Structure formats: structure tokens, C-alpha cells
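As provided, coords.txt (compact mmCIF, C-alpha atoms) reads as follows.
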# COMPACT_ATOMS: atom_id res chain seq x y z
CA ALA A 1 -15.18 236.40 -191.06
CA ALA A 2 -12.42 233.79 -191.09
CA ARG A 3 -13.41 230.19 -191.73
CA LEU A 4 -12.93 227.91 -188.70
CA LEU A 5 -10.76 224.80 -188.83
CA GLY A 6 -12.94 221.81 -187.92
CA THR A 7 -11.82 219.17 -185.43
CA GLY A 8 -13.41 216.12 -183.91
CA TYR A 9 -13.97 218.07 -180.70
CA GLY A 10 -15.89 221.02 -182.14
CA ALA A 11 -14.98 224.39 -183.53
CA ARG A 12 -11.95 226.38 -182.43
CA ILE A 13 -11.38 230.10 -182.32
CA PRO A 14 -9.90 231.65 -185.46
CA LEU A 15 -6.13 231.23 -185.60
CA ALA A 16 -4.25 234.50 -185.84
CA SER A 17 -0.87 235.76 -184.79
CA SER A 18 -0.30 238.39 -182.13
CA MET A 19 0.02 241.00 -184.94
CA GLY A 20 -3.40 240.09 -186.34
CA ARG A 21 -1.98 238.33 -189.38
CA PRO A 22 -3.59 235.01 -190.43
CA VAL A 23 -1.65 231.93 -189.38
CA THR A 24 -0.79 229.24 -191.89
CA GLY A 25 -3.88 227.05 -192.24
CA ALA A 26 -6.41 229.82 -191.56
CA VAL A 27 -8.10 230.98 -194.79
CA GLN A 28 -9.87 234.33 -194.95
CA GLU A 29 -12.70 234.94 -197.33
CA GLY A 30 -11.84 237.21 -200.17
CA ALA A 31 -8.16 237.20 -199.26
CA ALA A 32 -5.51 235.60 -201.40
CA ARG A 33 -3.29 233.08 -199.64
CA PRO A 34 0.24 234.49 -199.34
CA MET A 35 2.95 232.80 -201.38
CA THR A 36 5.52 230.70 -199.54
CA ALA A 37 9.20 230.67 -200.45
CA VAL A 38 10.32 227.42 -202.02
CA ARG A 39 14.06 228.06 -201.64
CA ALA A 40 15.67 226.67 -198.51
CA ALA A 41 17.46 229.14 -196.31
CA GLY A 42 21.15 229.38 -197.02
CA PHE A 43 20.99 227.27 -200.21
CA SER A 44 21.36 228.42 -203.74
CA SER A 45 21.55 226.38 -206.92
CA LYS A 46 24.03 228.97 -208.19
CA ALA A 47 26.60 227.47 -205.85
CA LEU A 48 26.61 224.25 -207.88
CA ARG A 49 27.00 225.86 -211.28
CA GLY A 50 30.38 225.17 -212.83
CA THR A 51 31.58 222.83 -210.06
CA ALA A 52 32.11 219.07 -210.14
CA PHE A 53 30.54 216.68 -207.64
CA ASP A 54 33.18 216.30 -204.92
CA PRO A 55 31.69 215.10 -201.59
CA LEU A 56 35.13 214.21 -200.11
CA GLY A 57 36.67 217.56 -200.86
CA GLN A 58 39.51 216.02 -202.87
CA SER A 59 39.62 218.89 -205.33
CA LYS A 60 41.16 221.06 -202.62
CA GLY A 61 44.49 219.28 -203.03
CA PRO A 62 46.38 216.65 -201.02
CA ALA A 63 45.90 216.43 -197.26
CA LEU A 64 48.45 218.00 -194.99
CA PRO A 65 51.26 215.60 -194.03
CA LEU A 66 51.04 213.92 -190.63
CA GLU A 67 53.05 215.56 -187.91
CA MET A 68 56.32 213.70 -187.50
CA LYS A 69 57.19 212.41 -184.02
CA ASN A 70 60.16 214.06 -182.41
CA GLU A 71 62.24 211.06 -181.38
CA ASP A 72 64.61 213.29 -179.44
CA SER A 73 61.91 214.67 -177.14
CA PRO A 74 62.06 213.57 -173.47
CA GLU A 75 58.53 212.15 -173.67
CA GLU A 76 59.37 209.97 -176.68
CA LYS A 77 62.62 208.74 -175.11
CA ILE A 78 60.74 207.78 -171.93
CA LYS A 79 58.09 205.95 -173.95
CA GLN A 80 60.68 203.96 -175.91
CA LEU A 81 62.64 203.08 -172.77
CA GLU A 82 59.48 201.88 -171.04
CA LYS A 83 58.71 199.69 -174.04
CA LYS A 84 62.22 198.21 -173.90
CA VAL A 85 61.86 197.35 -170.20
CA ASN A 86 58.61 195.50 -170.90
CA GLU A 87 60.28 193.58 -173.73
CA LEU A 88 63.17 192.53 -171.46
CA ILE A 89 60.76 191.26 -168.78
CA GLU A 90 58.92 189.22 -171.41
CA GLU A 91 62.17 187.80 -172.80
CA SER A 92 63.30 186.91 -169.28
CA CYS A 93 60.10 184.98 -168.59
CA ILE A 94 60.32 183.14 -171.92
CA SER A 95 63.93 182.15 -171.24
CA SER A 96 62.98 180.91 -167.78
CA SER A 97 60.17 178.77 -169.21
CA ARG A 98 62.70 177.18 -171.58
CA GLY A 99 65.03 176.34 -168.70
CA GLU A 100 67.59 178.97 -169.73
CA LEU A 101 67.90 180.24 -166.15
CA ARG A 102 71.14 182.19 -166.51
CA LEU A 103 69.88 184.03 -169.57
CA ALA A 104 66.58 184.72 -167.82
CA LEU A 105 68.46 186.25 -164.89
CA GLU A 106 70.62 188.42 -167.17
CA LYS A 107 67.51 189.73 -168.93
CA ALA A 108 65.90 190.45 -165.54
CA LYS A 109 68.99 192.36 -164.38
CA GLU A 110 69.09 194.40 -167.59
CA ALA A 111 65.40 195.25 -167.17
CA GLY A 112 66.18 196.45 -163.65
CA ARG A 113 69.02 198.68 -164.86
CA LYS A 114 66.94 200.25 -167.62
CA GLU A 115 64.00 200.76 -165.26
CA ARG A 116 66.24 202.76 -162.90
CA VAL A 117 67.37 204.90 -165.86
CA LEU A 118 63.71 205.38 -166.74
CA VAL A 119 62.94 206.66 -163.23
CA ARG A 120 65.83 209.15 -163.42
CA GLN A 121 64.66 210.42 -166.80
CA ARG A 122 61.17 210.95 -165.43
CA ASP A 123 62.65 212.95 -162.56
CA GLN A 124 64.62 215.11 -164.97
CA ALA A 125 61.52 215.64 -167.12
CA SER A 126 59.55 216.68 -164.00
CA SER A 127 57.11 213.84 -164.58
CA ALA A 128 57.85 211.88 -161.38
CA ASP A 129 54.13 211.85 -160.61
CA HIS A 130 53.62 209.59 -163.63
CA ILE A 131 55.97 206.81 -162.50
CA ASN A 132 54.65 203.43 -163.64
CA LEU A 133 54.39 201.52 -160.35
CA ASP A 134 53.11 198.41 -162.10
CA LEU A 135 56.24 198.32 -164.25
CA THR A 136 58.51 198.80 -161.22
CA TYR A 137 56.71 195.99 -159.40
CA SER A 138 57.00 193.68 -162.43
CA VAL A 139 60.74 194.36 -162.73
CA LEU A 140 61.42 193.65 -159.04
CA PHE A 141 59.16 190.59 -158.85
CA ASN A 142 60.67 189.02 -161.96
CA LEU A 143 64.20 189.74 -160.72
CA ALA A 144 63.46 188.11 -157.34
CA SER A 145 61.93 185.09 -159.07
CA GLN A 146 64.96 184.64 -161.34
CA TYR A 147 67.37 184.97 -158.40
CA SER A 148 65.41 182.24 -156.60
CA ALA A 149 65.37 179.99 -159.70
CA ASN A 150 69.16 180.31 -159.87
CA GLU A 151 69.39 179.46 -156.15
CA MET A 152 70.73 182.92 -155.32
CA TYR A 153 68.55 183.04 -152.25
CA ALA A 154 70.15 185.99 -150.45
CA GLU A 155 69.66 188.22 -153.51
CA ALA A 156 66.10 186.94 -153.94
CA LEU A 157 65.23 187.72 -150.31
CA ASN A 158 66.71 191.22 -150.56
CA THR A 159 64.69 191.94 -153.71
CA TYR A 160 61.46 190.62 -152.17
CA GLN A 161 62.16 192.77 -149.13
CA VAL A 162 62.32 195.89 -151.33
CA ILE A 163 58.83 195.08 -152.65
CA VAL A 164 57.32 194.19 -149.27
CA LYS A 165 58.60 197.36 -147.58
CA ASN A 166 57.17 199.64 -150.27
CA LYS A 167 53.70 200.60 -149.05
CA MET A 168 52.74 201.79 -152.53
CA PHE A 169 52.59 198.17 -153.69
CA SER A 170 49.19 196.88 -152.60
CA ASN A 171 48.95 193.20 -151.56
CA ALA A 172 52.74 192.91 -151.59
CA GLY A 173 52.51 191.25 -148.18
CA ARG A 174 51.50 188.02 -149.90
CA LEU A 175 55.03 187.74 -151.24
CA LYS A 176 56.08 186.76 -147.74
CA VAL A 177 54.93 183.29 -148.77
CA ASN A 178 57.69 183.32 -151.41
CA MET A 179 60.18 184.47 -148.80
CA ALA A 180 59.06 181.73 -146.41
CA ASN A 181 59.54 179.15 -149.18
CA ILE A 182 63.13 180.34 -149.61
CA TYR A 183 63.80 180.08 -145.88
CA PHE A 184 62.37 176.55 -146.02
CA LYS A 185 64.81 175.65 -148.83
CA GLN A 186 67.62 177.07 -146.70
CA ARG A 187 66.36 174.92 -143.80
CA ASN A 188 65.88 178.05 -141.75
CA TYR A 189 62.64 176.64 -140.33
CA PRO A 190 61.97 179.22 -137.57
CA LYS A 191 62.15 182.02 -140.17
CA ALA A 192 59.95 180.02 -142.52
CA ILE A 193 57.29 179.65 -139.82
CA LYS A 194 57.51 183.36 -139.04
CA PHE A 195 57.01 184.47 -142.64
CA TYR A 196 54.25 181.94 -143.33
CA ARG A 197 52.34 183.32 -140.34
CA MET A 198 52.97 186.92 -141.46
CA ALA A 199 51.62 185.99 -144.88
CA LEU A 200 48.51 184.45 -143.31
CA ASP A 201 47.79 187.80 -141.64
CA GLN A 202 47.88 189.47 -145.08
CA ILE A 203 45.61 186.97 -146.84
CA THR A 204 41.90 187.74 -146.54
CA SER A 205 39.19 185.15 -145.93
CA ALA A 206 38.13 185.60 -149.55
CA HIS A 207 41.23 183.62 -150.57
CA LYS A 208 40.44 180.54 -148.51
CA GLU A 209 42.27 178.10 -150.78
CA LEU A 210 45.51 180.07 -150.55
CA LYS A 211 45.27 180.21 -146.77
CA ILE A 212 44.81 176.43 -146.62
CA LYS A 213 47.94 175.89 -148.73
CA VAL A 214 49.99 178.19 -146.49
CA MET A 215 48.74 176.38 -143.39
CA GLN A 216 49.74 173.06 -144.96
CA ASN A 217 53.24 174.47 -145.39
CA VAL A 218 53.25 175.50 -141.74
CA GLY A 219 52.36 171.95 -140.73
CA VAL A 220 55.15 170.51 -142.89
CA VAL A 221 57.70 172.89 -141.33
CA PHE A 222 56.61 171.83 -137.85
CA ILE A 223 57.24 168.19 -138.85
CA LYS A 224 60.72 169.14 -140.11
CA MET A 225 61.37 170.78 -136.75
CA GLY A 226 60.11 167.73 -134.85
CA GLN A 227 57.25 169.70 -133.31
CA TYR A 228 54.63 167.05 -134.03
CA SER A 229 51.94 168.34 -131.68
CA ASP A 230 52.02 171.75 -133.43
CA ALA A 231 51.92 170.01 -136.79
CA ILE A 232 48.87 167.97 -135.74
CA THR A 233 47.14 171.15 -134.58
CA SER A 234 47.75 172.79 -137.97
CA PHE A 235 46.52 169.78 -139.93
CA GLU A 236 43.44 169.32 -137.72
CA HIS A 237 42.49 172.96 -138.33
CA ILE A 238 42.84 172.41 -142.07
CA MET A 239 40.67 169.28 -141.95
CA SER A 240 37.97 171.20 -140.10
CA GLU A 241 38.02 173.99 -142.69
CA SER A 242 38.68 172.10 -145.92
CA PRO A 243 39.17 168.33 -145.64
CA ASN A 244 41.46 166.77 -148.25
CA LEU A 245 43.42 163.53 -148.66
CA ARG A 246 46.85 165.15 -148.68
CA THR A 247 46.35 166.79 -145.30
CA GLY A 248 44.75 163.65 -143.87
CA PHE A 249 47.78 161.51 -144.77
Rewrite the structure of this file - the entire thing - as C-alpha cells.
Amino acid sequence: AARLLGTGYGARIPLASSMGRPVTGAVQEGAARPMTAVRAAGFSSKALRGTAFDPLGQSKGPALPLEMKNEDSPEEKIKQLEKKVNELIEESCISSSRGELRLALEKAKEAGRKERVLVRQRDQASSADHINLDLTYSVLFNLASQYSANEMYAEALNTYQVIVKNKMFSNAGRLKVNMANIYFKQRNYPKAIKFYRMALDQITSAHKELKIKVMQNVGVVFIKMGQYSDAITSFEHIMSESPNLRTGF
């Protein structure tokens, strides 16, 4: 009879496989324990004989050379052109910050020209679905800003209008504030009031501070127009929402 394996919970039944062979751990009386292989499956020390230790596989020779980029491919040309447009926008902004307004405008115009070439190349490469809308928006917005800085207000308004009318640009309606500011500089006060109010309709309640600033502008325009009662109404509304010294005076 096979010897039972003792546990803390009492004796168990003899362990045997479904073929009646003894399972490892079960010892039969009078039977020699079978020998167990000591060599791991798939491993042989013969494989190491005559070879040097080379964990990185360097003895196999140099690695294959990296695949060279095809600079003439449409994809690579598009990528390089997109990079150039971004660089021109950055250079335009830097020039503007230095007070070099004419140079900033020229850089903005060049960015616009290259961005249009980029769009045509994407169309030719049948990749129109991958047009970078953020880049297009940045080009147009910077161009409008540089036109305004150079007091080319008609060109600035036309460029802003292109952005505002494109429904693919989310939150572009807020740029009507910029357009209203231009009309104010032109002393076209009725248009300024109109665009400030249109902008207010686009600004959510989550941007309370921005709405207050726009309403302050509305009040100032009413004063310029001599409509003092309307100006008082605007300022009183601001004081009820967010009292501040500037509005009070």
C-alpha cells in the first residue's frame, strides 16, 4: 500500500494519476523513485561550446543602416513646408514684440502664402482630410493682428471675417471683440456696438471677466455717441455683477 502524505487536517487519499502511476510526492513501498531529468527543456550546454559570450549579438556584424528619408516624397515636402510656416509665424510675432511692425507684417504675409501652397499640395497628395486647421487659424489670426498693428484696418477686418465665417473654427465668434475694437478706432461707433453685442452672445457665463470687459467697452462707446442713459445702464449692470473702481468712476 502507498504511504499517505500527512497534513494538519488528517490523512488524504493516495495520490495517483488517472493512468494509475504514482504522482510526484507519493512514495510506494518497495518501488524505486523514478529519476527526474535535470536538463531544462530546449537547453543544451553543447550550444555554448566554442562560442564567446556575446549578449548583445555584436558578433553578427554591424547593424543595418537606417532607412534614409526620401526628401522628394510628397509627405516629406508637406512636412517641411508646414515647419516653415510655423517658423514664419514665430518670426512675425517676435518682430512685432520688438516694434518691427512692417517686418512682422511681411513675415505674416509670407506665412499666409506658404500655407496656401501647403493646402494645394495636400489636395494633390489626396490628403485633404489631414489639413491642419490649427495652423490655418494661426496664420489668419496673426495676419489680422499684424494688419491691425500697422493700422491697415480694412485688411484686418477682412481677415477676421474669413475666420469668423468658417464654422470649422470653434470659438471664433470671440474675435468679434477684435473687430469691434477696430470699428471703435475708426470711430464707427454703431458698428462697434453691434459687434460688441454679437461677441457677448458668443461668450459663455464661464468667462465672466471677459464679458465684464466687453460690457465696459459698450458703455464707453455709448458715452462717445452721447447716449448717456444707455451708458449708465451698462455701467450699473456691471456694478451689480462685478463692482470695480474703474466702472464706478
With distances taken over all atoms listed in the file, which residue among A:Val85, A:Arg98, A:Ser242, A:Phe184 lies nearest Thr136 in chain A?
A:Val85
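Using all atoms listed in the file for every distance, the candidate list A:Gly112, A:Pro190, A:Pro74, A:Gly219 yields A:Gly219 as the residue closest to Ala231 in chain A.
Residues surrounding Ser138 in chain A within 10 Å are Val85, Asn86, Ile89, Ala108, Ala111, Gly112, Leu133, Asp134, Leu135, Thr136, Leu140, Phe141, Asn142, Leu143 and Ala144 of chain A [all atoms listed in the file; sequence separation below 2 positions excluded].
Across A:Asn166, A:Gln121, A:Asn150, A:Ser97, the tightest approach to Leu81 in chain A is made by A:Gln121 when counting all atoms listed in the file.
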Between CA of Ile232 in chain A and CA of Lys191 in chain A, measure the distance and give it in Å to one decimal.
19.8 Å
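In this model, the gap between CA of Thr159 in chain A and CA of Lys109 in chain A comes to 11.5 Å.
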Interatomic distance (Å, one decimal) between CA of Ile223 in chain A and CA of Leu200 in chain A:
19.0 Å
Quick one: everything within 12 Å of Asn217 in chain A, counting all atoms listed in the file, minus sequence neighbours fewer than 4 positions away in the same chain. Send it as number ranges by chain.
A: 177-178, 180-181, 183-184, 189, 192-197, 199-200, 210-213, 221-224, 231, 234-235, 238, 246-247
Show which residues sit within 7 Å of Ala156 in chain A, as a list in words. Count all atoms listed in the file, and ignore same-chain residues fewer than 6 positions away.
Ala144, Ser145, Tyr147 and Ser148 of chain A
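In this comparison, which uses all atoms listed in the file, the residue of A:Glu82, A:Ala125, A:Val218, A:Lys107 approaching Ile94 in chain A most closely is A:Lys107.
Among the candidates A:Met215, A:Leu103, A:Met198, A:Ile203, the residue lying nearest to Asp230 in chain A is A:Met215 (atoms considered: only C-alpha atoms).
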Within 12 Å of Gln80 in chain A, counting all atoms listed in the file, which residues qualify if same-chain residues fewer than 6 places away don't, as a JSON list (two decimals) with C-alpha atoms, in the frame of the given file?
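Resulting contents of result-v6.json:
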[["chain", "number", "residue", "atom", "x", "y", "z"],
["A", 71, "GLU", "CA", 62.24, 211.06, -181.38],
["A", 72, "ASP", "CA", 64.61, 213.29, -179.44],
["A", 73, "SER", "CA", 61.91, 214.67, -177.14],
["A", 74, "PRO", "CA", 62.06, 213.57, -173.47],
["A", 86, "ASN", "CA", 58.61, 195.50, -170.90],
["A", 87, "GLU", "CA", 60.28, 193.58, -173.73],
["A", 114, "LYS", "CA", 66.94, 200.25, -167.62],
["A", 115, "GLU", "CA", 64.00, 200.76, -165.26],
["A", 118, "LEU", "CA", 63.71, 205.38, -166.74],
["A", 121, "GLN", "CA", 64.66, 210.42, -166.80]]
Starting from the sparse input, extend range 160-174 of chain A to N, CA, C and O atoms and give the output as a tab-separated table (two decimals), in the frame of the given file.
chain	number	residue	atom	x	y	z
A	160	TYR	N	62.83	190.72	-152.71
A	160	TYR	CA	61.46	190.62	-152.17
A	160	TYR	C	61.25	191.63	-151.06
A	160	TYR	O	60.17	192.22	-150.92
A	161	GLN	N	62.29	191.84	-150.25
A	161	GLN	CA	62.16	192.77	-149.13
A	161	GLN	C	61.92	194.20	-149.62
A	161	GLN	O	61.16	194.95	-149.00
A	162	VAL	N	62.54	194.56	-150.74
A	162	VAL	CA	62.32	195.89	-151.33
A	162	VAL	C	60.84	196.06	-151.69
A	162	VAL	O	60.24	197.13	-151.46
A	163	ILE	N	60.25	195.01	-152.26
A	163	ILE	CA	58.83	195.08	-152.65
A	163	ILE	C	57.93	195.17	-151.42
A	163	ILE	O	57.02	196.00	-151.34
A	164	VAL	N	58.18	194.30	-150.45
A	164	VAL	CA	57.32	194.19	-149.27
A	164	VAL	C	57.32	195.49	-148.46
A	164	VAL	O	56.30	195.90	-147.91
A	165	LYS	N	58.49	196.15	-148.40
A	165	LYS	CA	58.60	197.36	-147.58
A	165	LYS	C	57.98	198.58	-148.25
A	165	LYS	O	57.74	199.59	-147.59
A	166	ASN	N	57.75	198.51	-149.56
A	166	ASN	CA	57.17	199.64	-150.27
A	166	ASN	C	55.65	199.62	-150.10
A	166	ASN	O	54.96	198.77	-150.66
A	167	LYS	N	55.14	200.57	-149.35
A	167	LYS	CA	53.70	200.60	-149.05
A	167	LYS	C	52.85	200.98	-150.26
A	167	LYS	O	51.63	200.87	-150.22
A	168	MET	N	53.49	201.43	-151.33
A	168	MET	CA	52.74	201.79	-152.53
A	168	MET	C	52.34	200.56	-153.34
A	168	MET	O	51.50	200.65	-154.23
A	169	PHE	N	52.96	199.41	-153.01
A	169	PHE	CA	52.59	198.17	-153.69
A	169	PHE	C	51.51	197.47	-152.87
A	169	PHE	O	51.80	196.89	-151.82
A	170	SER	N	50.27	197.52	-153.33
A	170	SER	CA	49.19	196.88	-152.60
A	170	SER	C	49.30	195.35	-152.71
A	170	SER	O	49.73	194.82	-153.74
A	171	ASN	N	48.93	194.67	-151.63
A	171	ASN	CA	48.95	193.20	-151.56
A	171	ASN	C	50.35	192.61	-151.68
A	171	ASN	O	50.50	191.40	-151.92
A	172	ALA	N	51.38	193.43	-151.51
A	172	ALA	CA	52.74	192.91	-151.59
A	172	ALA	C	53.05	191.99	-150.42
A	172	ALA	O	53.97	191.16	-150.51
A	173	GLY	N	52.28	192.10	-149.34
A	173	GLY	CA	52.51	191.25	-148.18
A	173	GLY	C	52.38	189.77	-148.49
A	173	GLY	O	52.98	188.94	-147.79
A	174	ARG	N	51.65	189.43	-149.54
A	174	ARG	CA	51.50	188.02	-149.90
A	174	ARG	C	52.82	187.40	-150.36
A	174	ARG	O	52.98	186.18	-150.34
